file data_4.cif (mmCIF, N, CA and C atoms)
data_work
loop_
_atom_site.label_atom_id
_atom_site.label_comp_id
_atom_site.auth_asym_id
_atom_site.auth_seq_id
_atom_site.Cartn_x
_atom_site.Cartn_y
_atom_site.Cartn_z
N MET S 1 15.19 -5.87 -4.20
CA MET S 1 14.42 -5.74 -2.98
C MET S 1 13.32 -4.69 -3.19
N ILE S 2 12.10 -5.06 -2.85
CA ILE S 2 11.00 -4.10 -2.85
C ILE S 2 10.96 -3.47 -1.46
N GLU S 3 11.05 -2.16 -1.41
CA GLU S 3 10.97 -1.43 -0.15
C GLU S 3 9.63 -0.70 -0.12
N ILE S 4 8.85 -1.01 0.90
CA ILE S 4 7.52 -0.44 1.03
C ILE S 4 7.48 0.43 2.27
N GLU S 5 6.88 1.61 2.13
CA GLU S 5 6.68 2.49 3.27
C GLU S 5 5.22 2.91 3.32
N ALA S 6 4.58 2.66 4.45
CA ALA S 6 3.20 3.08 4.68
C ALA S 6 3.21 4.16 5.75
N VAL S 7 2.34 5.15 5.59
CA VAL S 7 2.24 6.24 6.55
C VAL S 7 0.81 6.29 7.08
N LEU S 8 0.68 6.27 8.40
CA LEU S 8 -0.60 6.36 9.07
C LEU S 8 -0.68 7.68 9.83
N ASP S 9 -1.89 8.21 9.97
CA ASP S 9 -2.03 9.40 10.81
C ASP S 9 -2.12 8.98 12.28
N SER S 10 -2.31 9.93 13.17
CA SER S 10 -2.30 9.63 14.60
C SER S 10 -3.46 8.73 15.04
N ASP S 11 -4.50 8.62 14.20
CA ASP S 11 -5.62 7.72 14.48
C ASP S 11 -5.44 6.34 13.84
N GLY S 12 -4.29 6.12 13.20
CA GLY S 12 -4.02 4.85 12.55
C GLY S 12 -4.63 4.71 11.17
N VAL S 13 -5.07 5.83 10.60
CA VAL S 13 -5.69 5.82 9.27
C VAL S 13 -4.60 5.96 8.21
N LEU S 14 -4.69 5.13 7.19
CA LEU S 14 -3.73 5.16 6.09
C LEU S 14 -3.74 6.51 5.39
N ARG S 15 -2.58 7.10 5.22
CA ARG S 15 -2.46 8.37 4.50
C ARG S 15 -1.64 8.23 3.24
N ALA S 16 -0.69 7.28 3.22
CA ALA S 16 0.14 7.09 2.04
C ALA S 16 0.80 5.72 2.09
N CYS S 17 1.14 5.24 0.90
CA CYS S 17 1.90 4.00 0.80
C CYS S 17 2.66 4.04 -0.52
N LYS S 18 3.92 3.66 -0.47
CA LYS S 18 4.70 3.59 -1.70
C LYS S 18 5.57 2.35 -1.67
N ALA S 19 5.75 1.80 -2.85
CA ALA S 19 6.61 0.63 -3.01
C ALA S 19 7.57 0.92 -4.15
N ALA S 20 8.83 0.60 -3.93
CA ALA S 20 9.84 0.84 -4.96
C ALA S 20 10.85 -0.29 -4.97
N GLY S 21 11.26 -0.65 -6.17
CA GLY S 21 12.29 -1.67 -6.32
C GLY S 21 11.76 -2.93 -6.97
N HIS S 22 12.64 -3.89 -7.12
CA HIS S 22 12.32 -5.18 -7.72
C HIS S 22 12.72 -6.27 -6.75
N SER S 23 11.87 -7.25 -6.58
CA SER S 23 12.13 -8.28 -5.57
C SER S 23 13.18 -9.30 -6.00
N ALA S 24 13.33 -9.51 -7.30
CA ALA S 24 14.27 -10.51 -7.82
C ALA S 24 13.94 -11.92 -7.35
N ALA S 25 12.65 -12.18 -7.10
CA ALA S 25 12.22 -13.51 -6.68
C ALA S 25 11.87 -14.38 -7.88
N GLY S 26 11.90 -13.80 -9.07
CA GLY S 26 11.59 -14.55 -10.28
C GLY S 26 11.77 -13.66 -11.49
N LYS S 27 11.60 -14.24 -12.66
CA LYS S 27 11.71 -13.48 -13.89
C LYS S 27 10.58 -12.47 -14.00
N ALA S 28 10.83 -11.37 -14.72
CA ALA S 28 9.79 -10.38 -14.95
C ALA S 28 8.55 -11.06 -15.51
N GLY S 29 7.42 -10.75 -14.93
CA GLY S 29 6.17 -11.35 -15.37
C GLY S 29 5.79 -12.63 -14.63
N THR S 30 6.73 -13.17 -13.85
CA THR S 30 6.45 -14.40 -13.09
C THR S 30 6.87 -14.29 -11.63
N ASP S 31 7.17 -13.09 -11.18
CA ASP S 31 7.67 -12.86 -9.83
C ASP S 31 6.50 -12.77 -8.85
N ILE S 32 6.38 -13.77 -7.98
CA ILE S 32 5.24 -13.84 -7.06
C ILE S 32 5.23 -12.70 -6.04
N VAL S 33 6.40 -12.26 -5.61
CA VAL S 33 6.47 -11.18 -4.62
C VAL S 33 6.02 -9.87 -5.26
N CYS S 34 6.52 -9.60 -6.43
CA CYS S 34 6.11 -8.40 -7.17
C CYS S 34 4.60 -8.42 -7.44
N ALA S 35 4.10 -9.57 -7.84
CA ALA S 35 2.67 -9.70 -8.13
C ALA S 35 1.84 -9.44 -6.88
N ALA S 36 2.24 -9.99 -5.76
CA ALA S 36 1.48 -9.82 -4.51
C ALA S 36 1.43 -8.35 -4.10
N VAL S 37 2.58 -7.69 -4.11
CA VAL S 37 2.64 -6.27 -3.72
C VAL S 37 1.81 -5.43 -4.70
N SER S 38 1.95 -5.70 -5.98
CA SER S 38 1.20 -4.96 -7.00
C SER S 38 -0.30 -5.12 -6.83
N VAL S 39 -0.75 -6.34 -6.62
CA VAL S 39 -2.18 -6.59 -6.47
C VAL S 39 -2.72 -5.88 -5.23
N LEU S 40 -2.02 -5.98 -4.13
CA LEU S 40 -2.49 -5.32 -2.90
C LEU S 40 -2.60 -3.81 -3.08
N LEU S 41 -1.56 -3.18 -3.60
CA LEU S 41 -1.58 -1.72 -3.75
C LEU S 41 -2.57 -1.26 -4.82
N ARG S 42 -2.61 -1.95 -5.94
CA ARG S 42 -3.54 -1.56 -7.01
C ARG S 42 -4.99 -1.77 -6.59
N THR S 43 -5.26 -2.82 -5.84
CA THR S 43 -6.62 -3.05 -5.36
C THR S 43 -7.02 -2.00 -4.35
N ALA S 44 -6.13 -1.64 -3.44
CA ALA S 44 -6.43 -0.58 -2.48
C ALA S 44 -6.71 0.73 -3.21
N LEU S 45 -5.90 1.07 -4.17
CA LEU S 45 -6.10 2.30 -4.94
C LEU S 45 -7.45 2.27 -5.65
N GLY S 46 -7.75 1.17 -6.31
CA GLY S 46 -9.03 1.07 -7.01
C GLY S 46 -10.23 1.11 -6.08
N THR S 47 -10.13 0.43 -4.95
CA THR S 47 -11.22 0.38 -3.98
C THR S 47 -11.49 1.77 -3.39
N LEU S 48 -10.44 2.51 -3.14
CA LEU S 48 -10.59 3.84 -2.54
C LEU S 48 -10.99 4.91 -3.54
N SER S 49 -10.73 4.68 -4.80
CA SER S 49 -10.94 5.71 -5.83
C SER S 49 -12.38 6.17 -5.95
N ASP S 50 -13.33 5.30 -5.76
CA ASP S 50 -14.73 5.66 -5.95
C ASP S 50 -15.51 5.75 -4.65
N ARG S 51 -14.81 5.90 -3.55
CA ARG S 51 -15.47 5.89 -2.24
C ARG S 51 -15.80 7.30 -1.80
N LYS S 52 -17.05 7.53 -1.42
CA LYS S 52 -17.50 8.83 -0.94
C LYS S 52 -16.75 9.20 0.34
N GLY S 53 -16.28 10.42 0.40
CA GLY S 53 -15.57 10.91 1.58
C GLY S 53 -14.08 10.64 1.57
N ILE S 54 -13.58 10.03 0.49
CA ILE S 54 -12.15 9.73 0.37
C ILE S 54 -11.64 10.28 -0.95
N THR S 55 -10.53 10.98 -0.89
CA THR S 55 -9.84 11.44 -2.09
C THR S 55 -8.51 10.72 -2.14
N VAL S 56 -8.26 10.02 -3.24
CA VAL S 56 -7.04 9.26 -3.35
C VAL S 56 -6.36 9.56 -4.68
N GLN S 57 -5.06 9.59 -4.62
CA GLN S 57 -4.23 9.75 -5.81
C GLN S 57 -3.23 8.61 -5.80
N GLY S 58 -2.78 8.22 -6.95
CA GLY S 58 -1.77 7.17 -7.00
C GLY S 58 -1.40 6.83 -8.41
N GLY S 59 -0.43 5.97 -8.52
CA GLY S 59 -0.01 5.55 -9.83
C GLY S 59 1.23 4.69 -9.80
N ALA S 60 1.65 4.38 -11.00
CA ALA S 60 2.86 3.59 -11.21
C ALA S 60 3.65 4.30 -12.30
N PRO S 61 4.47 5.28 -11.91
CA PRO S 61 5.17 6.10 -12.92
C PRO S 61 6.15 5.31 -13.78
N GLU S 62 6.64 4.21 -13.26
CA GLU S 62 7.52 3.34 -14.04
C GLU S 62 7.54 1.96 -13.39
N ARG S 63 8.06 0.98 -14.09
CA ARG S 63 8.14 -0.37 -13.53
C ARG S 63 8.92 -0.33 -12.22
N GLY S 64 8.39 -1.04 -11.24
CA GLY S 64 9.05 -1.09 -9.94
C GLY S 64 8.67 0.04 -9.01
N GLN S 65 7.64 0.82 -9.36
CA GLN S 65 7.19 1.90 -8.48
C GLN S 65 5.67 1.96 -8.46
N LEU S 66 5.12 1.97 -7.26
CA LEU S 66 3.68 2.16 -7.05
C LEU S 66 3.51 3.07 -5.85
N TRP S 67 2.52 3.94 -5.88
CA TRP S 67 2.28 4.82 -4.75
C TRP S 67 0.81 5.20 -4.66
N LEU S 68 0.39 5.57 -3.46
CA LEU S 68 -0.92 6.16 -3.26
C LEU S 68 -0.87 7.12 -2.09
N LYS S 69 -1.71 8.15 -2.16
CA LYS S 69 -1.90 9.10 -1.07
C LYS S 69 -3.40 9.28 -0.89
N ALA S 70 -3.83 9.35 0.35
CA ALA S 70 -5.26 9.44 0.63
C ALA S 70 -5.56 10.55 1.64
N ASP S 71 -6.64 11.25 1.38
CA ASP S 71 -7.22 12.22 2.31
C ASP S 71 -8.66 11.81 2.54
N TYR S 72 -9.22 12.24 3.64
CA TYR S 72 -10.59 11.81 3.91
C TYR S 72 -11.36 12.89 4.65
N GLU S 73 -12.67 12.80 4.49
CA GLU S 73 -13.62 13.57 5.29
C GLU S 73 -14.17 12.60 6.33
N ALA S 74 -14.91 13.11 7.29
CA ALA S 74 -15.40 12.28 8.39
C ALA S 74 -16.12 11.01 7.90
N GLU S 75 -16.92 11.14 6.85
CA GLU S 75 -17.70 9.99 6.39
C GLU S 75 -16.85 8.89 5.76
N GLY S 76 -15.63 9.19 5.37
CA GLY S 76 -14.78 8.18 4.76
C GLY S 76 -13.73 7.58 5.67
N LYS S 77 -13.64 8.12 6.88
CA LYS S 77 -12.56 7.72 7.79
C LYS S 77 -12.57 6.23 8.12
N ASP S 78 -13.71 5.68 8.50
CA ASP S 78 -13.77 4.28 8.91
C ASP S 78 -13.41 3.34 7.77
N PHE S 79 -13.90 3.66 6.56
CA PHE S 79 -13.59 2.81 5.42
C PHE S 79 -12.11 2.86 5.09
N LEU S 80 -11.53 4.06 5.11
CA LEU S 80 -10.10 4.19 4.83
C LEU S 80 -9.27 3.48 5.89
N TYR S 81 -9.69 3.56 7.14
CA TYR S 81 -8.99 2.85 8.21
C TYR S 81 -8.99 1.34 7.93
N ALA S 82 -10.17 0.80 7.61
CA ALA S 82 -10.29 -0.64 7.37
C ALA S 82 -9.49 -1.06 6.14
N CYS S 83 -9.53 -0.27 5.10
CA CYS S 83 -8.76 -0.59 3.89
C CYS S 83 -7.26 -0.57 4.20
N GLY S 84 -6.83 0.38 5.01
CA GLY S 84 -5.43 0.46 5.41
C GLY S 84 -4.99 -0.74 6.22
N VAL S 85 -5.83 -1.19 7.13
CA VAL S 85 -5.52 -2.38 7.94
C VAL S 85 -5.36 -3.58 7.02
N PHE S 86 -6.28 -3.75 6.09
CA PHE S 86 -6.20 -4.86 5.15
C PHE S 86 -4.92 -4.79 4.32
N LEU S 87 -4.63 -3.61 3.78
CA LEU S 87 -3.44 -3.43 2.94
C LEU S 87 -2.17 -3.73 3.73
N ILE S 88 -2.03 -3.14 4.89
CA ILE S 88 -0.81 -3.32 5.68
C ILE S 88 -0.67 -4.76 6.17
N ASP S 89 -1.77 -5.39 6.57
CA ASP S 89 -1.69 -6.80 6.97
C ASP S 89 -1.23 -7.67 5.81
N GLY S 90 -1.74 -7.39 4.62
CA GLY S 90 -1.31 -8.15 3.45
C GLY S 90 0.15 -7.94 3.12
N LEU S 91 0.59 -6.68 3.18
CA LEU S 91 2.00 -6.37 2.91
C LEU S 91 2.92 -6.96 3.98
N LYS S 92 2.48 -6.96 5.24
CA LYS S 92 3.27 -7.58 6.31
C LYS S 92 3.45 -9.07 6.06
N SER S 93 2.40 -9.70 5.58
CA SER S 93 2.45 -11.12 5.29
C SER S 93 3.46 -11.42 4.19
N VAL S 94 3.46 -10.61 3.13
CA VAL S 94 4.42 -10.80 2.04
C VAL S 94 5.84 -10.57 2.56
N ALA S 95 6.05 -9.50 3.32
CA ALA S 95 7.39 -9.19 3.84
C ALA S 95 7.89 -10.27 4.80
N LYS S 96 6.98 -10.84 5.58
CA LYS S 96 7.37 -11.90 6.51
C LYS S 96 7.75 -13.18 5.77
N GLU S 97 6.99 -13.52 4.74
CA GLU S 97 7.25 -14.75 4.00
C GLU S 97 8.46 -14.64 3.07
N TYR S 98 8.73 -13.43 2.60
CA TYR S 98 9.83 -13.21 1.66
C TYR S 98 10.74 -12.08 2.15
N PRO S 99 11.36 -12.23 3.32
CA PRO S 99 12.16 -11.14 3.88
C PRO S 99 13.38 -10.76 3.04
N GLU S 100 13.86 -11.65 2.22
CA GLU S 100 15.02 -11.33 1.38
C GLU S 100 14.60 -10.56 0.11
N ASN S 101 13.28 -10.44 -0.12
CA ASN S 101 12.80 -9.80 -1.33
C ASN S 101 11.95 -8.56 -1.08
N CYS S 102 11.50 -8.36 0.16
CA CYS S 102 10.54 -7.30 0.43
C CYS S 102 10.66 -6.83 1.89
N THR S 103 10.63 -5.51 2.08
CA THR S 103 10.60 -4.94 3.42
C THR S 103 9.42 -3.98 3.53
N LEU S 104 8.90 -3.84 4.73
CA LEU S 104 7.80 -2.93 5.00
C LEU S 104 8.13 -2.10 6.23
N THR S 105 8.00 -0.79 6.08
CA THR S 105 8.14 0.13 7.20
C THR S 105 6.83 0.87 7.34
N VAL S 106 6.29 0.92 8.56
CA VAL S 106 5.06 1.64 8.83
C VAL S 106 5.41 2.81 9.75
N LYS S 107 5.08 4.01 9.29
CA LYS S 107 5.35 5.23 10.06
C LYS S 107 4.05 5.88 10.47
N GLU S 108 4.09 6.56 11.62
CA GLU S 108 2.93 7.33 12.06
C GLU S 108 3.29 8.80 12.05
N ASN S 109 2.43 9.59 11.42
CA ASN S 109 2.62 11.06 11.40
C ASN S 109 1.55 11.72 12.24
#
call {"tool": "encode", "arguments": {"input": "data_4.cif", "output": "structure tokens"}}
result
Amino acid sequence: MIEIEAVLDSDGVLRACKAAGHSAAGKAGTDIVCAAVSVLLRTALGTLSDRKGITVQGGAPERGQLWLKADYEAEGKDFLYACGVFLIDGLKSVAKEYPENCTLTVKEN
């Protein structure tokens, strides 16, 4: 099971997201659930990495783990908000379609 936790600030802006575990929906290298979660998180990390007004850190310390943390200045807030909405909507879709392989929890701090 892939367990995903996203953290939003009080304005609904993405501050962190982490995914841990293995979905067991297929063999390593052919698992559609793992691929979907990986693509969404890695794309969000890459998209945010070069954006003015946003500082992001993240990585994949080992197989089955991905994380990102984001901070922003005023000029980056709207973009980070939109990227967070896209990321969470995508992750919700994966969790809804594959509930036995993936869960998503969204917290507000």
call {"tool": "residues_around", "arguments": {"input": "data_4.cif", "residues": "region 47-52 of chain S", "least_positions_apart": "3", "cutoff": "7 Å", "atoms": "all atoms listed in the file", "output": "VMD selection string"}}
result
chain S and resid 42 to 44 55 to 56 73 75 to 76
call {"tool": "closest_atom_pairs", "arguments": {"input": "data_4.cif", "of": "region 44-65 of chain S", "to": "region 2-23 of chain S", "cutoff": "8 Å", "atoms": "only N, CA and C atoms", "output": "CSV"}}
result
residue,atom,partner,partner_atom,distance
S:Arg63,C,S:Gly21,N,6.5
S:Gly64,C,S:Gly21,N,3.9
S:Gln65,CA,S:Ala19,C,4.5
call {"tool": "resolve_selection", "arguments": {"input": "data_4.cif", "expression": "the PyMOL selection byres (((chain S and resi 103 and name CA) around 9) and name CA)", "output": "PyMOL selection string"}}
result
chain S and resi 1-5+91-92+94-96+98-102+104-105
call {"tool": "write_last_selection", "arguments": {"input": "data_4.cif", "atoms": "N, CA and C atoms", "output": "PDB file, in the frame of the given file"}}
result
ATOM      1  N   MET S   1      15.190  -5.870  -4.200  1.00  0.00           N
ATOM      2  CA  MET S   1      14.420  -5.740  -2.980  1.00  0.00           C
ATOM      3  C   MET S   1      13.320  -4.690  -3.190  1.00  0.00           C
ATOM      4  N   ILE S   2      12.100  -5.060  -2.850  1.00  0.00           N
ATOM      5  CA  ILE S   2      11.000  -4.100  -2.850  1.00  0.00           C
ATOM      6  C   ILE S   2      10.960  -3.470  -1.460  1.00  0.00           C
ATOM      7  N   GLU S   3      11.050  -2.160  -1.410  1.00  0.00           N
ATOM      8  CA  GLU S   3      10.970  -1.430  -0.150  1.00  0.00           C
ATOM      9  C   GLU S   3       9.630  -0.700  -0.120  1.00  0.00           C
ATOM     10  N   ILE S   4       8.850  -1.010   0.900  1.00  0.00           N
ATOM     11  CA  ILE S   4       7.520  -0.440   1.030  1.00  0.00           C
ATOM     12  C   ILE S   4       7.480   0.430   2.270  1.00  0.00           C
ATOM     13  N   GLU S   5       6.880   1.610   2.130  1.00  0.00           N
ATOM     14  CA  GLU S   5       6.680   2.490   3.270  1.00  0.00           C
ATOM     15  C   GLU S   5       5.220   2.910   3.320  1.00  0.00           C
ATOM     16  N   LEU S  91       0.590  -6.680   3.180  1.00  0.00           N
ATOM     17  CA  LEU S  91       2.000  -6.370   2.910  1.00  0.00           C
ATOM     18  C   LEU S  91       2.920  -6.960   3.980  1.00  0.00           C
ATOM     19  N   LYS S  92       2.480  -6.960   5.240  1.00  0.00           N
ATOM     20  CA  LYS S  92       3.270  -7.580   6.310  1.00  0.00           C
ATOM     21  C   LYS S  92       3.450  -9.070   6.060  1.00  0.00           C
ATOM     22  N   VAL S  94       3.460 -10.610   3.130  1.00  0.00           N
ATOM     23  CA  VAL S  94       4.420 -10.800   2.040  1.00  0.00           C
ATOM     24  C   VAL S  94       5.840 -10.570   2.560  1.00  0.00           C
ATOM     25  N   ALA S  95       6.050  -9.500   3.320  1.00  0.00           N
ATOM     26  CA  ALA S  95       7.390  -9.190   3.840  1.00  0.00           C
ATOM     27  C   ALA S  95       7.890 -10.270   4.800  1.00  0.00           C
ATOM     28  N   LYS S  96       6.980 -10.840   5.580  1.00  0.00           N
ATOM     29  CA  LYS S  96       7.370 -11.900   6.510  1.00  0.00           C
ATOM     30  C   LYS S  96       7.750 -13.180   5.770  1.00  0.00           C
ATOM     31  N   TYR S  98       8.730 -13.430   2.600  1.00  0.00           N
ATOM     32  CA  TYR S  98       9.830 -13.210   1.660  1.00  0.00           C
ATOM     33  C   TYR S  98      10.740 -12.080   2.150  1.00  0.00           C
ATOM     34  N   PRO S  99      11.360 -12.230   3.320  1.00  0.00           N
ATOM     35  CA  PRO S  99      12.160 -11.140   3.880  1.00  0.00           C
ATOM     36  C   PRO S  99      13.380 -10.760   3.040  1.00  0.00           C
ATOM     37  N   GLU S 100      13.860 -11.650   2.220  1.00  0.00           N
ATOM     38  CA  GLU S 100      15.020 -11.330   1.380  1.00  0.00           C
ATOM     39  C   GLU S 100      14.600 -10.560   0.110  1.00  0.00           C
ATOM     40  N   ASN S 101      13.280 -10.440  -0.120  1.00  0.00           N
ATOM     41  CA  ASN S 101      12.800  -9.800  -1.330  1.00  0.00           C
ATOM     42  C   ASN S 101      11.950  -8.560  -1.080  1.00  0.00           C
ATOM     43  N   CYS S 102      11.500  -8.360   0.160  1.00  0.00           N
ATOM     44  CA  CYS S 102      10.540  -7.300   0.430  1.00  0.00           C
ATOM     45  C   CYS S 102      10.660  -6.830   1.890  1.00  0.00           C
ATOM     46  N   LEU S 104       8.900  -3.840   4.730  1.00  0.00           N
ATOM     47  CA  LEU S 104       7.800  -2.930   5.000  1.00  0.00           C
ATOM     48  C   LEU S 104       8.130  -2.100   6.230  1.00  0.00           C
ATOM     49  N   THR S 105       8.000  -0.790   6.080  1.00  0.00           N
ATOM     50  CA  THR S 105       8.140   0.130   7.200  1.00  0.00           C
ATOM     51  C   THR S 105       6.830   0.870   7.340  1.00  0.00           C
TER      52      THR S 105
END
call {"tool": "atom_distance", "arguments": {"input": "data_4.cif", "atom1": "CA of Ile32 (chain S)", "atom2": "CA of Glu108 (chain S)"}}
result
28.6 Å
call {"tool": "select_by_dssp", "arguments": {"input": "data_4.cif", "residues": "chain S", "states": "strand (DSSP E)", "output": "PyMOL selection string"}}
result
chain S and resi 2-8+14-20+54-59+65-72+102-108
call {"tool": "closest_residue", "arguments": {"input": "data_4.cif", "among": "S:Leu40, S:Ala25, S:Val106, S:Cys34", "to": "Gly90 (chain S)", "atoms": "all atoms listed in the file"}}
result
S:Leu40
call {"tool": "atom_distance", "arguments": {"input": "data_4.cif", "atom1": "CA of Leu68 (chain S)", "atom2": "CA of Leu41 (chain S)"}}
result
7.9 Å
call {"tool": "atom_distance", "arguments": {"input": "data_4.cif", "atom1": "atom C of Gly26 (chain S)", "atom2": "CA of Trp67 (chain S)"}}
result
21.8 Å
call {"tool": "select_by_dssp", "arguments": {"input": "data_4.cif", "residues": "chain S", "states": "helix (DSSP H, G or I)", "output": "PyMOL selection string"}}
result
chain S and resi 32-49+74-97
call {"tool": "closest_residue", "arguments": {"input": "data_4.cif", "among": "S:Ala60, S:Val85, S:Ala24, S:Ile54", "to": "Tyr72 (chain S)", "atoms": "only N, CA and C atoms"}}
result
S:Ile54
call {"tool": "build_atoms", "arguments": {"input": "data_4.cif", "residues": "region 14-22 of chain S", "atoms": "all heavy atoms", "output": "compact mmCIF listing (two decimals), in the coordinates of the input"}}
result
# COMPACT_ATOMS: atom_id res chain seq x y z
N LEU S 14 -4.69 5.13 7.19
CA LEU S 14 -3.73 5.16 6.09
C LEU S 14 -3.74 6.51 5.39
O LEU S 14 -4.79 7.00 5.01
CB LEU S 14 -4.08 4.06 5.07
CG LEU S 14 -3.18 3.97 3.84
CD1 LEU S 14 -1.79 3.46 4.23
CD2 LEU S 14 -3.80 3.05 2.80
N ARG S 15 -2.58 7.10 5.22
CA ARG S 15 -2.46 8.37 4.50
C ARG S 15 -1.64 8.23 3.24
O ARG S 15 -1.85 8.95 2.27
CB ARG S 15 -1.84 9.44 5.39
CG ARG S 15 -2.62 9.74 6.66
CD ARG S 15 -4.12 9.96 6.41
NE ARG S 15 -4.40 11.05 5.52
CZ ARG S 15 -4.63 12.31 5.88
NH1 ARG S 15 -4.63 12.62 7.14
NH2 ARG S 15 -4.87 13.23 4.99
N ALA S 16 -0.69 7.28 3.22
CA ALA S 16 0.14 7.09 2.04
C ALA S 16 0.80 5.72 2.09
O ALA S 16 0.98 5.14 3.15
CB ALA S 16 1.22 8.17 1.97
N CYS S 17 1.14 5.24 0.90
CA CYS S 17 1.90 4.00 0.80
C CYS S 17 2.66 4.04 -0.52
O CYS S 17 2.10 4.45 -1.55
CB CYS S 17 0.97 2.79 0.84
SG CYS S 17 1.86 1.22 0.98
N LYS S 18 3.92 3.66 -0.47
CA LYS S 18 4.70 3.59 -1.70
C LYS S 18 5.57 2.35 -1.67
O LYS S 18 6.02 1.91 -0.62
CB LYS S 18 5.55 4.85 -1.90
CG LYS S 18 6.63 5.04 -0.86
CD LYS S 18 7.45 6.30 -1.15
CE LYS S 18 8.48 6.49 -0.05
NZ LYS S 18 9.30 7.67 -0.26
N ALA S 19 5.75 1.80 -2.85
CA ALA S 19 6.61 0.63 -3.01
C ALA S 19 7.57 0.92 -4.15
O ALA S 19 7.17 1.46 -5.19
CB ALA S 19 5.79 -0.61 -3.33
N ALA S 20 8.83 0.60 -3.93
CA ALA S 20 9.84 0.84 -4.96
C ALA S 20 10.85 -0.29 -4.97
O ALA S 20 11.22 -0.81 -3.92
CB ALA S 20 10.55 2.18 -4.71
N GLY S 21 11.26 -0.65 -6.17
CA GLY S 21 12.29 -1.67 -6.32
C GLY S 21 11.76 -2.93 -6.97
O GLY S 21 10.59 -3.03 -7.34
N HIS S 22 12.64 -3.89 -7.12
CA HIS S 22 12.32 -5.18 -7.72
C HIS S 22 12.72 -6.27 -6.75
O HIS S 22 13.80 -6.24 -6.17
CB HIS S 22 13.06 -5.33 -9.05
CG HIS S 22 12.69 -4.28 -10.04
ND1 HIS S 22 11.52 -4.32 -10.76
CD2 HIS S 22 13.33 -3.14 -10.42
CE1 HIS S 22 11.45 -3.26 -11.54
NE2 HIS S 22 12.53 -2.52 -11.36
